[in-house]
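**Q** The structure under discussion is supplied below as structure tokens; questions concerning it will follow.
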Amino acid sequence: MSNPAAMRWDDRYRQEKEFWLEREPRQLLTNYAHLLPNEGRALDAASGVAINGIYLARLGLKVFALDISEYALRLAKQRAETMGILLEAAVVDLSHPWLPEAHFEVIVNFHFLERATFSIYRKALKPGGLIIFDTFTKHPKQKDAPEYYLDPGELLKSFQDYEVIHYSEQELDPSERHPERGLAQLIARKP
Ligand SMILES: C[S@@+](CC[C@H](N)C(=O)[O-])C[C@H]1O[C@@H](n2cnc3c(N)ncnc32)[C@H](O)[C@@H]1O
């Protein structure tokens with residue numbers, strides 16, 4: 001049975017392959033690289049071609065890339081292989097998430113929102129583990145698909161009992177590819 005989101009994202013990655021493969025790891029990750037461990041397990045959730053996961057793997061972490069797009073994960077595996085890096089990848093629909101408990105030192109969730117993952121990420125992190133989010137927030141001019149956009153303060157509230165190392169919300173300028181939207185960033189450590 002085909003999944004419409006999987007088909008849509010597979011098509012998008014087929015058409016925009018170079019665009020995604022040429023991207024750099026997200027600045028939030030590289031700016032806070034000093035916080036990242038160089039061993040243990042990391043999850044790159046909704047990884048796409050796993051630019052961020054491969055960055056974590058190069059630091060020494062054992063990385064699991066999960067995404068609904070089989071095609072994107074194939075590109076991720078090929079890229080990792082070319083670089084001589086081990087990357088585990090699995091096709092998963094994170095709208096119905098399950099993860100093993102107390103399993104990861106680091107979880108990154110970039111440019112993806114599925115609220116069902118919040119409680120699962122919380123359980124899946126080991127004590128002392130880091131959750132790193134860089135995800136879009138609602139903008140007054142952007143009315144489409146509110147389920148894909150955080151409310152102001154929502155992310156912080158969802159991890160308020162963690163040690164918050166970094167939190168910010170900002171408005172992004174609209175571009176050819178995207179309408180007005182905001183961005184929330186969070187780095188927090190599980191107690
Ligand atoms: C904007 S891309 C972000 C990719 C990557 N995290 C990054 O920062 O470049 C959103 C990703 O979410 C994935 N995705 C969308 N819906 C999903 C779902 N229900 N379960 C898992 N992945 C999903 C898409 O395939 C895509 O790779």
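Following the order of the structure tokens, first chain is A, next is B, and so on, with residues numbered from 1 inside each chain and ligands from 1 in the order they appear.
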For the helix (DSSP H, G or I) assignment from backbone DSSP, which residues of region 3-189 of chain A qualify? Please present them as a ChimeraX atom specification.
**A** /A:4-15,17-21,27-31,33-35,51-59,70-82,117-124,146-148,154-158
**Q** Report as a ChimeraX atom specification which protein, DNA and RNA residues come within 9 Å of ligand 1, using only C-alpha atoms and all ligand atoms.
**A** /A:5-6,8-10,12-13,20,23-26,44-53,66-73,91-97,108-114,134-135
**Q** Identify, on the basis of only C-alpha atoms, every residue whose closest approach to region 162-175 of chain A does not exceed 8 Å; exclude the query and any residue fewer than 3 positions from it along the same chain; express the result as a ChimeraX atom specification.
**A** /A:139,152,156,159,178-191
**Q** List as an MDAnalysis selection string the protein and nucleic acid residues near Asn38 (chain A), meaning an atom at most 7 Å away when only C-alpha atoms are counted, but skip any in the same chain fewer than 6 places from it.
**A** chainID A and resid 59:61
**Q** Those residues you just picked out, can you put them in a file as a short mmCIF file (atom, residue, chain, number, x, y, z; two decimals), in the first residue's frame with N, CA, C and O atoms?
**A**
```cif
data_model
loop_
_atom_site.label_atom_id
_atom_site.label_comp_id
_atom_site.auth_asym_id
_atom_site.auth_seq_id
_atom_site.Cartn_x
_atom_site.Cartn_y
_atom_site.Cartn_z
N LEU A 59 31.83 12.55 13.63
CA LEU A 59 32.35 12.86 14.97
C LEU A 59 32.61 11.58 15.78
O LEU A 59 33.23 11.64 16.83
N GLY A 60 32.07 10.45 15.30
CA GLY A 60 32.30 9.19 15.99
C GLY A 60 31.03 8.53 16.51
O GLY A 60 31.08 7.42 17.06
N LEU A 61 29.90 9.20 16.35
CA LEU A 61 28.63 8.61 16.82
C LEU A 61 28.13 7.54 15.85
O LEU A 61 28.39 7.63 14.64
#
```
**Q** Region 85-178 of chain A: which residues are strand (DSSP E or B) by DSSP, as a PyMOL selection string?
**A** chain A and resi 87-91+104-110+125-137+150+163-172
**Q** Could you turn the residues from that selection into a file that holds N, CA, C and O atoms, as a short mmCIF file (atom, residue, chain, number, x, y, z; two decimals), in the first residue's frame?
**A**
```cif
data_model
loop_
_atom_site.label_atom_id
_atom_site.label_comp_id
_atom_site.auth_asym_id
_atom_site.auth_seq_id
_atom_site.Cartn_x
_atom_site.Cartn_y
_atom_site.Cartn_z
N LEU A 87 26.52 4.31 8.23
CA LEU A 87 25.25 4.99 8.54
C LEU A 87 24.14 3.95 8.48
O LEU A 87 23.97 3.29 7.45
N GLU A 88 23.40 3.79 9.57
CA GLU A 88 22.24 2.91 9.56
C GLU A 88 21.04 3.73 9.09
O GLU A 88 20.89 4.89 9.51
N ALA A 89 20.19 3.15 8.25
CA ALA A 89 19.05 3.92 7.75
C ALA A 89 17.82 3.02 7.68
O ALA A 89 17.94 1.84 7.34
N ALA A 90 16.67 3.59 8.02
CA ALA A 90 15.42 2.81 7.93
C ALA A 90 14.27 3.71 7.51
O ALA A 90 14.17 4.86 7.96
N VAL A 91 13.42 3.16 6.65
CA VAL A 91 12.22 3.89 6.22
C VAL A 91 11.17 3.75 7.32
O VAL A 91 10.77 2.62 7.67
N PHE A 104 19.47 6.69 22.94
CA PHE A 104 20.31 7.63 22.16
C PHE A 104 20.99 8.68 23.04
O PHE A 104 20.38 9.21 23.97
N GLU A 105 22.23 9.00 22.68
CA GLU A 105 22.94 10.11 23.32
C GLU A 105 22.48 11.45 22.71
O GLU A 105 22.49 12.48 23.37
N VAL A 106 22.10 11.40 21.44
CA VAL A 106 21.73 12.63 20.72
C VAL A 106 20.55 12.31 19.79
O VAL A 106 20.56 11.28 19.11
N ILE A 107 19.57 13.22 19.78
CA ILE A 107 18.50 13.15 18.76
C ILE A 107 18.43 14.50 18.08
O ILE A 107 18.32 15.53 18.75
N VAL A 108 18.51 14.48 16.74
CA VAL A 108 18.32 15.73 16.00
C VAL A 108 17.04 15.63 15.17
O VAL A 108 16.75 14.58 14.59
N ASN A 109 16.30 16.71 15.18
CA ASN A 109 15.03 16.80 14.43
C ASN A 109 15.05 18.16 13.73
O ASN A 109 14.79 19.19 14.35
N PHE A 110 15.40 18.12 12.46
CA PHE A 110 15.59 19.38 11.72
C PHE A 110 14.56 19.52 10.60
O PHE A 110 14.39 18.62 9.76
N LEU A 125 15.72 9.20 24.57
CA LEU A 125 17.02 9.77 24.98
C LEU A 125 17.50 9.11 26.26
O LEU A 125 16.72 8.81 27.15
N LYS A 126 18.81 8.94 26.35
CA LYS A 126 19.39 8.49 27.62
C LYS A 126 19.45 9.69 28.57
O LYS A 126 19.54 10.83 28.10
N PRO A 127 19.44 9.47 29.88
CA PRO A 127 19.68 10.59 30.79
C PRO A 127 21.01 11.25 30.42
O PRO A 127 21.99 10.57 30.14
N GLY A 128 21.01 12.56 30.38
CA GLY A 128 22.22 13.30 29.97
C GLY A 128 22.28 13.50 28.47
O GLY A 128 23.17 14.20 27.97
N GLY A 129 21.36 12.89 27.72
CA GLY A 129 21.36 13.00 26.26
C GLY A 129 20.83 14.35 25.78
O GLY A 129 20.12 15.05 26.51
N LEU A 130 21.18 14.67 24.54
CA LEU A 130 20.81 15.98 23.97
C LEU A 130 19.70 15.85 22.94
O LEU A 130 19.79 15.01 22.04
N ILE A 131 18.71 16.72 23.05
CA ILE A 131 17.71 16.85 21.98
C ILE A 131 18.00 18.17 21.26
O ILE A 131 18.21 19.20 21.90
N ILE A 132 18.04 18.09 19.93
CA ILE A 132 18.38 19.29 19.14
C ILE A 132 17.31 19.47 18.06
O ILE A 132 17.14 18.61 17.19
N PHE A 133 16.58 20.56 18.16
CA PHE A 133 15.49 20.85 17.23
C PHE A 133 15.78 22.13 16.46
O PHE A 133 16.28 23.11 17.03
N ASP A 134 15.41 22.13 15.20
CA ASP A 134 15.47 23.33 14.37
C ASP A 134 14.26 23.18 13.45
O ASP A 134 14.29 22.43 12.48
N THR A 135 13.15 23.82 13.82
CA THR A 135 11.87 23.50 13.18
C THR A 135 11.02 24.76 13.03
O THR A 135 11.15 25.69 13.81
N PHE A 136 10.13 24.75 12.05
CA PHE A 136 9.39 25.96 11.70
C PHE A 136 8.23 26.25 12.64
O PHE A 136 7.59 25.34 13.17
N THR A 137 8.00 27.56 12.81
CA THR A 137 6.88 28.02 13.64
C THR A 137 5.86 28.75 12.77
O THR A 137 6.18 29.22 11.68
N LEU A 150 5.07 24.87 14.49
CA LEU A 150 4.97 25.01 15.95
C LEU A 150 4.26 26.31 16.32
O LEU A 150 4.39 27.32 15.62
N GLU A 163 17.39 20.59 30.85
CA GLU A 163 18.31 21.72 30.99
C GLU A 163 18.42 22.38 29.61
O GLU A 163 18.97 21.79 28.66
N VAL A 164 17.84 23.56 29.50
CA VAL A 164 17.82 24.23 28.19
C VAL A 164 19.15 24.97 27.98
O VAL A 164 19.50 25.87 28.74
N ILE A 165 19.85 24.55 26.95
CA ILE A 165 21.17 25.13 26.66
C ILE A 165 21.03 26.27 25.66
O ILE A 165 21.74 27.27 25.71
N HIS A 166 20.11 26.11 24.73
CA HIS A 166 19.88 27.16 23.74
C HIS A 166 18.40 27.11 23.35
O HIS A 166 17.85 26.03 23.13
N TYR A 167 17.78 28.29 23.27
CA TYR A 167 16.42 28.36 22.71
C TYR A 167 16.28 29.69 22.01
O TYR A 167 16.67 30.74 22.53
N SER A 168 15.73 29.66 20.82
CA SER A 168 15.46 30.92 20.12
C SER A 168 14.27 30.75 19.18
O SER A 168 13.97 29.63 18.75
N GLU A 169 13.60 31.86 18.93
CA GLU A 169 12.55 31.90 17.90
C GLU A 169 12.82 33.14 17.07
O GLU A 169 13.12 34.19 17.62
N GLN A 170 12.72 32.99 15.75
CA GLN A 170 12.94 34.15 14.88
C GLN A 170 12.03 34.06 13.67
O GLN A 170 11.55 32.98 13.32
N GLU A 171 11.77 35.21 13.05
CA GLU A 171 11.02 35.22 11.79
C GLU A 171 11.98 35.09 10.63
O GLU A 171 13.04 35.71 10.64
N LEU A 172 11.62 34.28 9.64
CA LEU A 172 12.47 34.12 8.46
C LEU A 172 11.87 34.94 7.31
O LEU A 172 10.65 35.05 7.19
#
```
